[in-house]
file start-v7.cif (mmCIF, C-alpha atoms)
data_start
#
loop_
_atom_site.label_atom_id
_atom_site.label_comp_id
_atom_site.auth_asym_id
_atom_site.auth_seq_id
_atom_site.Cartn_x
_atom_site.Cartn_y
_atom_site.Cartn_z
CA MET A 235 152.93 7.35 -166.38
CA GLY A 236 150.40 7.12 -163.59
CA MET A 237 149.98 3.44 -164.21
CA GLN A 238 153.71 2.76 -164.08
CA ALA A 239 154.51 4.54 -160.83
CA GLY A 240 151.82 3.32 -158.43
CA GLY A 241 148.80 1.72 -159.95
CA SER A 242 146.39 -0.53 -158.21
CA GLY A 243 147.43 -3.33 -160.53
CA GLY A 244 151.13 -3.22 -159.42
CA LEU A 245 152.52 -5.71 -156.87
CA GLN A 246 152.46 -4.51 -153.29
CA SER A 247 155.99 -4.90 -151.96
CA GLU A 248 155.25 -3.92 -148.32
CA ILE A 249 155.29 -6.45 -145.48
CA ASN A 250 152.21 -6.33 -143.36
CA VAL A 251 153.67 -5.73 -139.89
CA THR A 252 150.42 -5.20 -138.02
CA PRO A 253 150.15 -8.79 -136.64
CA MET A 254 153.78 -8.68 -135.58
CA VAL A 255 153.27 -5.42 -133.72
CA ASP A 256 150.23 -6.95 -132.05
CA ILE A 257 152.23 -9.92 -130.80
CA MET A 258 155.10 -7.72 -129.67
CA LEU A 259 152.77 -5.50 -127.68
CA VAL A 260 151.13 -8.49 -126.03
CA LEU A 261 154.53 -10.01 -125.13
CA LEU A 262 155.68 -6.69 -123.78
CA ILE A 263 152.62 -6.34 -121.60
CA ILE A 264 153.01 -9.92 -120.35
CA PHE A 265 156.62 -9.29 -119.35
CA MET A 266 155.75 -5.97 -117.73
CA VAL A 267 153.07 -7.64 -115.65
CA VAL A 268 155.07 -10.76 -114.76
CA THR A 269 158.36 -9.07 -113.79
CA PRO A 270 157.19 -7.43 -110.53
CA LEU A 271 155.32 -10.61 -109.57
CA LEU A 272 158.51 -12.67 -109.74
CA GLN A 273 160.16 -10.67 -107.01
CA HIS A 274 158.93 -11.73 -103.62
CA GLY A 275 159.43 -9.40 -100.77
CA VAL A 276 162.12 -6.78 -100.46
CA SER A 277 164.99 -6.28 -102.85
CA VAL A 278 168.29 -7.43 -101.41
CA ASN A 279 171.78 -7.03 -102.80
CA ILE A 280 172.56 -10.77 -102.71
CA PRO A 281 176.01 -12.14 -103.60
CA ARG A 282 176.55 -12.26 -107.32
CA ASP A 283 178.83 -14.14 -109.71
CA THR A 284 179.28 -17.22 -107.57
CA ARG A 285 180.36 -20.27 -109.51
CA TYR A 286 179.01 -23.27 -107.67
CA ALA A 287 175.60 -22.24 -106.38
CA GLU A 288 172.97 -24.88 -107.04
CA GLU A 289 169.69 -24.29 -108.76
CA ASP A 290 166.58 -24.50 -106.62
CA GLN A 291 163.16 -23.70 -108.00
CA LEU A 292 161.67 -23.84 -104.51
CA ILE A 293 163.02 -20.37 -103.78
CA ASN A 294 160.36 -18.83 -106.00
CA LYS A 295 157.57 -20.86 -104.45
CA GLU A 296 155.03 -19.07 -102.32
CA THR A 297 155.18 -21.72 -99.62
CA SER A 298 158.92 -21.59 -98.97
CA VAL A 299 160.22 -19.52 -96.08
CA ILE A 300 162.60 -16.76 -97.08
CA VAL A 301 164.22 -14.54 -94.49
CA ALA A 302 165.67 -11.41 -96.03
CA ILE A 303 168.29 -9.21 -94.35
CA PRO A 304 168.76 -6.17 -96.60
CA ASN A 305 170.63 -4.20 -93.92
CA ASP A 306 172.04 -4.80 -90.46
CA GLY A 307 169.22 -5.29 -87.96
CA GLU A 308 166.44 -5.48 -90.56
CA TYR A 309 164.68 -8.81 -90.79
CA TRP A 310 161.98 -9.50 -93.34
CA LEU A 311 159.91 -12.61 -93.67
CA GLY A 312 158.45 -12.48 -97.14
CA LYS A 313 156.96 -9.00 -97.49
CA LYS A 314 156.74 -8.24 -93.77
CA ARG A 315 159.40 -6.64 -91.61
CA MET A 316 159.56 -8.04 -88.12
CA SER A 317 161.66 -8.35 -85.01
CA ILE A 318 163.84 -11.39 -84.40
CA ASP A 319 161.38 -12.76 -81.81
CA ASP A 320 158.41 -12.52 -84.18
CA LEU A 321 160.57 -14.12 -86.83
CA LYS A 322 161.09 -17.20 -84.67
CA SER A 323 157.39 -17.83 -84.14
CA GLU A 324 156.43 -17.00 -87.73
CA VAL A 325 159.08 -19.33 -89.17
CA ASP A 326 157.96 -22.08 -86.84
CA LYS A 327 154.33 -21.55 -87.86
CA ALA A 328 155.16 -21.59 -91.56
CA LEU A 329 157.24 -24.75 -91.37
CA SER A 330 155.25 -26.75 -88.85
CA SER A 331 153.15 -28.44 -91.54
CA LYS A 332 156.19 -29.54 -93.53
CA GLU A 333 158.11 -32.77 -93.20
CA LYS A 334 161.41 -32.77 -91.39
CA LYS A 335 163.55 -32.99 -94.50
CA ASP A 336 161.64 -30.20 -96.25
CA ARG A 337 162.13 -27.76 -93.42
CA ILE A 338 164.50 -25.37 -95.10
CA VAL A 339 164.82 -21.69 -94.34
CA TYR A 340 166.23 -19.61 -97.16
CA VAL A 341 168.38 -16.70 -96.10
CA LYS A 342 168.64 -13.82 -98.49
CA SER A 343 171.20 -11.46 -97.07
CA GLY A 344 172.88 -8.42 -98.56
CA ILE A 345 176.62 -8.67 -99.21
CA GLY A 346 177.31 -5.68 -96.96
CA VAL A 347 175.47 -7.16 -93.99
CA SER A 348 177.74 -8.38 -91.22
CA TYR A 349 177.92 -12.13 -90.77
CA GLY A 350 176.82 -11.76 -87.14
CA GLU A 351 173.34 -10.75 -88.34
CA VAL A 352 173.09 -13.93 -90.40
CA VAL A 353 174.27 -15.96 -87.41
CA ARG A 354 171.55 -14.31 -85.31
CA VAL A 355 168.89 -15.47 -87.75
CA ILE A 356 170.44 -18.96 -87.86
CA ASN A 357 170.45 -19.09 -84.08
CA ALA A 358 166.80 -18.06 -84.05
CA VAL A 359 165.67 -20.71 -86.53
CA ARG A 360 167.67 -23.56 -85.09
CA GLU A 361 165.83 -23.10 -81.81
CA LYS A 362 162.87 -24.41 -83.76
CA GLY A 363 164.69 -27.56 -84.82
CA ILE A 364 165.66 -26.49 -88.32
CA ASP A 365 169.05 -27.78 -89.39
CA GLN A 366 169.21 -26.80 -93.04
CA ILE A 367 169.41 -23.36 -94.53
CA GLY A 368 169.76 -22.18 -98.09
CA LEU A 369 171.94 -19.16 -98.71
CA VAL A 370 170.49 -17.48 -101.76
CA ALA A 371 173.20 -16.30 -104.17
CA ASP A 372 173.24 -15.48 -107.84
CA LYS A 373 175.18 -17.77 -110.09
CA LYS A 374 177.41 -16.37 -112.76
CA LYS A 375 176.02 -17.09 -116.21
CA GLY A 376 177.84 -19.85 -118.03
CA ALA A 377 179.84 -20.96 -114.99
CA ALA A 378 180.78 -24.58 -114.41
CA PRO A 379 177.62 -26.48 -113.52
CA LYS A 380 179.51 -29.06 -111.49
CA ALA A 381 182.45 -28.83 -109.19
CA PRO A 382 185.72 -30.27 -110.50
CA GLY A 383 186.51 -33.74 -109.34
CA THR A 384 183.03 -34.56 -108.15
CA MET B 132 139.79 6.15 -164.09
CA ALA B 133 143.22 5.12 -162.91
CA MET B 134 144.18 8.72 -162.31
CA ALA B 135 141.06 9.41 -160.33
CA THR B 136 141.39 6.61 -157.80
CA LYS B 137 145.13 5.93 -157.25
CA GLY B 138 147.67 8.38 -158.50
CA SER B 139 151.36 8.43 -157.68
CA ASN B 140 151.18 12.04 -156.64
CA ARG B 141 148.54 11.48 -154.00
CA ALA B 142 149.49 11.17 -150.32
CA VAL B 143 149.57 7.52 -149.29
CA PRO B 144 147.80 6.97 -145.93
CA TYR B 145 150.44 4.67 -144.52
CA ILE B 146 152.13 4.98 -141.09
CA ASN B 147 155.80 4.13 -140.89
CA VAL B 148 155.89 1.55 -138.08
CA THR B 149 159.59 0.65 -138.28
CA PRO B 150 160.71 2.93 -135.37
CA LEU B 151 157.81 1.63 -133.30
CA ILE B 152 158.93 -1.95 -133.84
CA ASP B 153 162.52 -0.99 -133.03
CA VAL B 154 161.53 0.51 -129.72
CA LEU B 155 159.27 -2.41 -128.87
CA LEU B 156 161.95 -4.98 -129.63
CA VAL B 157 164.48 -3.18 -127.46
CA MET B 158 162.01 -2.94 -124.58
CA LEU B 159 161.13 -6.60 -124.99
CA ILE B 160 164.79 -7.60 -124.81
CA ILE B 161 165.33 -5.40 -121.74
CA PHE B 162 162.45 -7.04 -119.91
CA MET B 163 163.57 -10.53 -120.91
CA VAL B 164 167.03 -9.85 -119.49
CA ILE B 165 165.72 -8.34 -116.25
CA THR B 166 163.41 -11.28 -115.57
CA PRO B 167 165.46 -13.60 -113.35
CA LEU B 168 165.56 -17.03 -114.86
CA LYS B 169 166.66 -19.58 -112.30
CA PRO B 170 167.22 -18.87 -108.63
CA THR B 171 170.29 -20.51 -107.10
CA ARG B 172 171.43 -21.08 -103.53
CA PHE B 173 174.07 -22.73 -101.36
CA MET B 174 172.79 -25.40 -99.05
CA ALA B 175 174.37 -25.26 -95.62
CA ASP B 176 173.80 -27.36 -92.52
CA ILE B 177 173.60 -25.79 -89.11
CA PRO B 178 174.31 -27.65 -85.89
CA ALA B 179 171.44 -28.44 -83.57
CA GLN B 180 171.13 -26.31 -80.51
CA ARG B 181 173.48 -27.33 -77.75
CA ASP B 182 171.93 -29.05 -74.82
CA PRO B 183 173.25 -27.23 -71.72
CA ASN B 184 173.14 -30.44 -69.66
CA GLU B 185 175.16 -32.41 -72.15
CA ASN B 186 178.66 -33.28 -71.11
CA ILE B 187 181.03 -31.95 -73.76
CA GLN B 188 183.77 -34.28 -72.49
CA ASN B 189 181.82 -37.26 -73.78
CA LEU B 190 181.64 -35.94 -77.33
CA LYS B 191 184.25 -37.39 -79.61
CA PRO B 192 185.43 -35.08 -82.38
CA ASN B 193 185.48 -36.54 -85.86
CA PRO B 194 189.12 -36.46 -87.06
CA LEU B 195 188.00 -36.30 -90.68
CA THR B 196 185.98 -33.13 -90.33
CA LEU B 197 187.70 -30.12 -91.82
CA VAL B 198 187.18 -26.65 -90.44
CA VAL B 199 187.84 -23.63 -92.60
CA SER B 200 188.19 -20.53 -90.49
CA ILE B 201 188.84 -16.91 -91.21
CA SER B 202 191.34 -15.52 -88.74
CA SER B 203 190.00 -12.00 -88.36
CA ALA B 204 187.65 -9.60 -90.07
CA THR B 205 190.53 -7.31 -90.98
CA ASP B 206 193.25 -9.49 -92.52
CA LEU B 207 190.81 -12.07 -94.00
CA LYS B 208 193.39 -14.88 -93.99
CA LEU B 209 192.05 -18.39 -94.40
CA LYS B 210 192.93 -21.24 -92.09
CA LEU B 211 192.31 -24.94 -92.43
CA ASN B 212 192.04 -26.81 -89.13
CA ASN B 213 193.65 -23.80 -87.44
CA HIS B 214 196.78 -23.75 -89.60
CA ASP B 215 197.81 -21.02 -92.01
CA SER B 216 199.67 -23.33 -94.33
CA PRO B 217 199.66 -27.09 -95.07
CA LEU B 218 201.36 -29.35 -92.53
CA PRO B 219 204.20 -31.63 -93.75
CA ASP B 220 202.00 -34.74 -93.74
CA GLU B 221 199.12 -33.15 -95.62
CA PRO B 222 198.51 -33.92 -99.30
CA CYS B 223 198.99 -30.43 -100.62
CA ASN B 224 202.20 -29.70 -98.71
CA GLY B 225 204.74 -28.25 -101.09
CA ILE B 226 202.12 -27.49 -103.72
CA VAL B 227 200.72 -24.34 -102.18
CA PRO B 228 202.60 -22.02 -99.81
CA ASP B 229 199.55 -21.10 -97.70
CA TYR B 230 195.77 -21.16 -97.82
CA GLY B 231 195.45 -17.65 -99.19
CA SER B 232 192.85 -15.11 -98.20
CA VAL B 233 189.14 -14.54 -98.72
CA ASN B 234 189.77 -12.65 -101.92
CA ASP B 235 191.79 -15.48 -103.44
CA PRO B 236 190.70 -18.82 -101.98
CA SER B 237 192.12 -20.87 -104.89
CA HIS B 238 194.91 -22.38 -102.76
CA LEU B 239 192.45 -23.54 -100.14
CA ALA B 240 190.18 -25.02 -102.81
CA GLN B 241 193.11 -26.89 -104.32
CA CYS B 242 194.13 -28.25 -100.93
CA LEU B 243 190.61 -29.42 -100.10
CA HIS B 244 190.34 -31.06 -103.49
CA GLU B 245 193.64 -32.92 -102.96
CA THR B 246 192.54 -33.98 -99.48
CA PHE B 247 189.24 -35.38 -100.78
CA GLN B 248 191.01 -37.21 -103.60
CA LYS B 249 193.33 -38.87 -101.09
CA ARG B 250 190.34 -40.11 -99.11
CA PHE B 251 189.31 -42.41 -101.94
CA ASN B 252 192.39 -44.59 -101.45
CA PRO B 253 192.33 -45.86 -98.76
CA PRO B 254 188.65 -44.94 -98.49
CA ALA B 255 187.64 -42.73 -95.60
CA PHE B 256 183.90 -43.14 -95.21
CA LYS B 257 181.37 -41.04 -93.41
CA THR B 258 180.17 -42.56 -90.16
CA GLY B 259 177.39 -44.99 -90.94
CA TYR B 260 178.24 -45.23 -94.63
CA GLU B 261 180.99 -47.87 -94.42
CA THR B 262 178.80 -50.69 -95.68
CA ARG B 263 176.44 -48.72 -97.91
CA THR B 264 177.61 -50.27 -101.15
CA ASP B 265 174.35 -49.32 -102.84
CA LEU B 266 175.52 -45.72 -102.92
CA LEU B 267 178.20 -44.23 -105.09
CA MET B 268 181.69 -43.95 -103.64
CA GLU B 269 181.32 -40.20 -104.15
CA GLN B 270 178.48 -40.04 -101.64
CA ARG B 271 180.12 -42.23 -99.01
CA ILE B 272 183.43 -40.40 -98.63
CA GLU B 273 183.56 -37.96 -95.74
CA LYS B 274 183.62 -34.49 -97.26
CA THR B 275 182.14 -32.42 -94.48
CA VAL B 276 183.61 -28.97 -94.16
CA PHE B 277 182.72 -26.50 -91.46
CA ILE B 278 183.03 -22.77 -91.96
CA LYS B 279 183.87 -20.56 -89.04
CA ALA B 280 183.87 -16.82 -89.64
CA PRO B 281 184.02 -13.89 -87.25
CA LYS B 282 180.78 -12.03 -86.72
CA ALA B 283 182.24 -8.72 -87.84
CA MET B 284 182.91 -10.05 -91.34
CA LYS B 285 180.88 -9.05 -94.34
CA TYR B 286 178.40 -11.70 -95.45
CA GLY B 287 179.57 -11.33 -99.05
CA ASP B 288 183.08 -12.48 -98.07
CA VAL B 289 181.73 -15.52 -96.25
CA VAL B 290 179.81 -16.51 -99.37
CA LYS B 291 183.03 -16.24 -101.40
CA VAL B 292 184.63 -18.81 -99.11
CA ILE B 293 181.55 -21.06 -99.26
CA ASP B 294 181.68 -20.86 -103.06
CA ALA B 295 185.33 -21.95 -103.09
CA VAL B 296 184.72 -24.77 -100.61
CA LYS B 297 181.74 -26.06 -102.61
CA GLY B 298 183.87 -25.84 -105.71
CA ALA B 299 186.44 -28.13 -104.12
CA GLY B 300 183.73 -30.75 -103.73
CA ALA B 301 182.77 -30.36 -100.09
CA ASN B 302 179.39 -31.77 -99.20
CA PRO B 303 177.77 -30.99 -96.82
CA VAL B 304 179.00 -27.55 -95.86
CA GLY B 305 178.22 -26.64 -92.28
CA LEU B 306 178.19 -23.24 -90.66
CA GLN B 307 179.64 -23.04 -87.21
CA VAL B 308 177.52 -20.61 -85.22
CA ASP B 309 178.66 -21.26 -81.65
CA ASP B 310 181.57 -19.47 -80.02
CA LEU B 311 182.32 -17.13 -82.89
CA PRO B 312 184.82 -14.33 -82.24
#

call {"tool": "encode", "arguments": {"input": "start-v7.cif", "output": "structure tokens"}}
result
Amino acid sequence: MGMQAGGSGGLQSEINVTPMVDIMLVLLIIFMVVTPLLQHGVSVNIPRDTRYAEEDQLINKETSVIVAIPNDGEYWLGKKRMSIDDLKSEVDKALSSKEKKDRIVYVKSGIGVSYGEVVRVINAVREKGIDQIGLVADKKKGAAPKAPGT
Amino acid sequence: MAMATKGSNRAVPYINVTPLIDVLLVMLIIFMVITPLKPTRFMADIPAQRDPNENIQNLKPNPLTLVVSISSATDLKLKLNNHDSPLPDEPCNGIVPDYGSVNDPSHLAQCLHETFQKRFNPPAFKTGYETRTDLLMEQRIEKTVFIKAPKAMKYGDVVKVIDAVKGAGANPVGLQVDDLP
């Protein structure tokens, strides 16, 4: 009877999950470490569910200039909050080494912020000869990748 | 001997790891979803700063440039070249009653799309692109659209309009930042 129920000679029908748990834990730790690093600067309630926003990997680059406006009258360059006058000089400093066509300022503004605040930032950066800005917006998942008729 | 070493009635020193794996998998999925995958943006051009000494009288407006404006921050009605609804000689006249509002810019998008389609035949090129046959027709047609919004508007609403205009095929999209109401 002892032999039949659970003898050492019987086949072991258990899956060894220890390696799987190991890998899961490592993946989990990797994601936990990487997630906060991916967010640069302040958190902003940017426009969501747009359909035709274009992908741009440069936004996540350390060298690109991102001006965040989480609330009216709050201007952040990267992780630093500053006044509009400091913003001008800092943006100019950050972009002076870049070529003309690569001089793009990304604007990350909250949806509740009034458009006048965005215009103020645009006015500040165009004094420095910048003529292209990128309005950061989240694209809806699975939306049309290309505009119709283009 | 068998009884002494491994009996069925002895406690098996084995931890049940199934709940642990369940929790780990769920956490893993949560973190994978939170991690933003690809950042996206709308490219917009801004006009160069106005030279105060420049004579505005000498500047010739481009008749092909379209301006989408939002009448006021309260009623959020859309206008194309300062009109609420298509003019009789415009391509989308009779198709849409008006250009709609910020919350439903589909009429405006349709109108812009029709207008751009009409510019292929006869072709209406961007200045300087008339003889650039090395480029695609798509890139040579004038599709510039300017957006003019009052300063009191919410930024989120402006982006909705930009999204619709981009969807209609406008390229480049410019933001008008001078003389805003």

call {"tool": "atom_distance", "arguments": {"input": "start-v7.cif", "atom1": "atom CA of A:Ala371", "atom2": "atom CA of B:Asp235"}}
result
18.6 Å

call {"tool": "closest_residue", "arguments": {"input": "start-v7.cif", "among": "A:Glu248, A:Asp372, A:Glu333, A:Glu296", "to": "chain B", "atoms": "only C-alpha atoms"}}
result
A:Asp372

call {"tool": "atom_distance", "arguments": {"input": "start-v7.cif", "atom1": "atom CA of B:Glu273", "atom2": "atom CA of B:Asp309"}}
result
22.4 Å

call {"tool": "interface_residues", "arguments": {"input": "start-v7.cif", "of": "chain B", "to": "chain A", "cutoff": "9 Å", "atoms": "all atoms listed in the file", "output": "ChimeraX atom specification"}}
result
/B:133-134,136-140,148-149,151-152,155-156,158-159,162-163,165-167,169-180,244,248,269,280-291,294-295,297-300,306-309,311

call {"tool": "resolve_selection", "arguments": {"input": "start-v7.cif", "expression": "the PyMOL selection byres ((chain A and resi 307-322) around 9)", "output": "count of residues only"}}
result
24

call {"tool": "resolve_selection", "arguments": {"input": "start-v7.cif", "expression": "the PyMOL selection byres ((chain B and resi 195) around 9)", "output": "list in words"}}
result
Pro192, Asn193, Pro194, Thr196, Leu197, Ala255, Lys257, Glu273, Lys274 and Thr275 of chain B

call {"tool": "resolve_selection", "arguments": {"input": "start-v7.cif", "expression": "the PyMOL selection byres ((chain B and resi 208) around 12)", "output": "ChimeraX atom specification"}}
result
/B:199-207,209-211,213-216,229-236,238-239,280-281,284,288-289,292

call {"tool": "atom_distance", "arguments": {"input": "start-v7.cif", "atom1": "atom CA of B:Gly305", "atom2": "atom CA of B:Val276"}}
result
6.2 Å

call {"tool": "residues_around", "arguments": {"input": "start-v7.cif", "residues": "B:Gly259", "least_positions_apart": "6", "cutoff": "12 Å", "atoms": "all atoms listed in the file", "output": "list in words"}}
result
Gln270, Arg271, Ile272 and Glu273 of chain B

call {"tool": "write_last_selection", "arguments": {"input": "start-v7.cif", "atoms": "C-alpha atoms", "output": "mmCIF file, in the frame of the given file"}}
result
data_model
loop_
_atom_site.group_PDB
_atom_site.id
_atom_site.type_symbol
_atom_site.label_atom_id
_atom_site.label_comp_id
_atom_site.auth_asym_id
_atom_site.auth_seq_id
_atom_site.Cartn_x
_atom_site.Cartn_y
_atom_site.Cartn_z
ATOM 1 C CA GLN B 270 178.480 -40.040 -101.640
ATOM 2 C CA ARG B 271 180.120 -42.230 -99.010
ATOM 3 C CA ILE B 272 183.430 -40.400 -98.630
ATOM 4 C CA GLU B 273 183.560 -37.960 -95.740
#

call {"tool": "decode", "arguments": {"input": "start-v7.cif", "residues": "stretch 315-335 of chain A", "atoms": "N, CA and C atoms", "output": "PDB file, in the first residue's frame"}}
result
ATOM      1  N   ARG A 315      11.511  73.447 -12.853  1.00  0.00           N
ATOM      2  CA  ARG A 315      10.501  74.477 -13.055  1.00  0.00           C
ATOM      3  C   ARG A 315      11.198  75.820 -13.172  1.00  0.00           C
ATOM      4  N   MET A 316      10.753  76.616 -14.127  1.00  0.00           N
ATOM      5  CA  MET A 316      11.410  77.908 -14.300  1.00  0.00           C
ATOM      6  C   MET A 316      10.441  78.951 -14.838  1.00  0.00           C
ATOM      7  N   SER A 317      10.891  80.198 -14.773  1.00  0.00           N
ATOM      8  CA  SER A 317      10.066  81.291 -15.293  1.00  0.00           C
ATOM      9  C   SER A 317      10.216  81.333 -16.808  1.00  0.00           C
ATOM     10  N   ILE A 318       9.332  82.082 -17.449  1.00  0.00           N
ATOM     11  CA  ILE A 318       9.339  82.134 -18.914  1.00  0.00           C
ATOM     12  C   ILE A 318      10.636  82.744 -19.447  1.00  0.00           C
ATOM     13  N   ASP A 319      11.240  83.657 -18.684  1.00  0.00           N
ATOM     14  CA  ASP A 319      12.486  84.283 -19.152  1.00  0.00           C
ATOM     15  C   ASP A 319      13.655  83.309 -19.086  1.00  0.00           C
ATOM     16  N   ASP A 320      13.700  82.524 -17.976  1.00  0.00           N
ATOM     17  CA  ASP A 320      14.750  81.512 -17.875  1.00  0.00           C
ATOM     18  C   ASP A 320      14.576  80.470 -18.958  1.00  0.00           C
ATOM     19  N   LEU A 321      13.316  80.180 -19.252  1.00  0.00           N
ATOM     20  CA  LEU A 321      13.005  79.169 -20.257  1.00  0.00           C
ATOM     21  C   LEU A 321      13.628  79.540 -21.599  1.00  0.00           C
ATOM     22  N   LYS A 322      13.481  80.808 -21.960  1.00  0.00           N
ATOM     23  CA  LYS A 322      14.032  81.291 -23.232  1.00  0.00           C
ATOM     24  C   LYS A 322      15.516  80.984 -23.333  1.00  0.00           C
ATOM     25  N   SER A 323      16.268  81.410 -22.300  1.00  0.00           N
ATOM     26  CA  SER A 323      17.719  81.247 -22.383  1.00  0.00           C
ATOM     27  C   SER A 323      18.123  79.783 -22.312  1.00  0.00           C
ATOM     28  N   GLU A 324      17.389  78.999 -21.492  1.00  0.00           N
ATOM     29  CA  GLU A 324      17.744  77.584 -21.364  1.00  0.00           C
ATOM     30  C   GLU A 324      17.475  76.824 -22.663  1.00  0.00           C
ATOM     31  N   VAL A 325      16.338  77.140 -23.307  1.00  0.00           N
ATOM     32  CA  VAL A 325      16.013  76.483 -24.577  1.00  0.00           C
ATOM     33  C   VAL A 325      17.062  76.845 -25.618  1.00  0.00           C
ATOM     34  N   ASP A 326      17.429  78.106 -25.646  1.00  0.00           N
ATOM     35  CA  ASP A 326      18.432  78.549 -26.608  1.00  0.00           C
ATOM     36  C   ASP A 326      19.754  77.826 -26.381  1.00  0.00           C
ATOM     37  N   LYS A 327      20.130  77.691 -25.109  1.00  0.00           N
ATOM     38  CA  LYS A 327      21.384  77.013 -24.767  1.00  0.00           C
ATOM     39  C   LYS A 327      21.346  75.553 -25.212  1.00  0.00           C
ATOM     40  N   ALA A 328      20.200  74.907 -24.947  1.00  0.00           N
ATOM     41  CA  ALA A 328      20.098  73.476 -25.238  1.00  0.00           C
ATOM     42  C   ALA A 328      20.083  73.205 -26.735  1.00  0.00           C
ATOM     43  N   LEU A 329      19.575  74.148 -27.517  1.00  0.00           N
ATOM     44  CA  LEU A 329      19.437  73.883 -28.947  1.00  0.00           C
ATOM     45  C   LEU A 329      20.537  74.508 -29.790  1.00  0.00           C
ATOM     46  N   SER A 330      21.414  75.287 -29.161  1.00  0.00           N
ATOM     47  CA  SER A 330      22.392  76.030 -29.952  1.00  0.00           C
ATOM     48  C   SER A 330      23.349  75.097 -30.686  1.00  0.00           C
ATOM     49  N   SER A 331      23.605  73.903 -30.140  1.00  0.00           N
ATOM     50  CA  SER A 331      24.559  73.007 -30.790  1.00  0.00           C
ATOM     51  C   SER A 331      23.910  72.211 -31.927  1.00  0.00           C
ATOM     52  N   LYS A 332      22.587  72.281 -32.015  1.00  0.00           N
ATOM     53  CA  LYS A 332      21.914  71.463 -33.037  1.00  0.00           C
ATOM     54  C   LYS A 332      21.812  72.201 -34.363  1.00  0.00           C
ATOM     55  N   GLU A 333      21.634  71.399 -35.414  1.00  0.00           N
ATOM     56  CA  GLU A 333      21.449  71.981 -36.737  1.00  0.00           C
ATOM     57  C   GLU A 333      20.080  72.627 -36.838  1.00  0.00           C
ATOM     58  N   LYS A 334      19.943  73.503 -37.803  1.00  0.00           N
ATOM     59  CA  LYS A 334      18.701  74.261 -37.949  1.00  0.00           C
ATOM     60  C   LYS A 334      17.471  73.354 -38.048  1.00  0.00           C
ATOM     61  N   LYS A 335      17.573  72.309 -38.847  1.00  0.00           N
ATOM     62  CA  LYS A 335      16.374  71.495 -39.060  1.00  0.00           C
ATOM     63  C   LYS A 335      16.064  70.587 -37.866  1.00  0.00           C
TER      64      LYS A 335
END
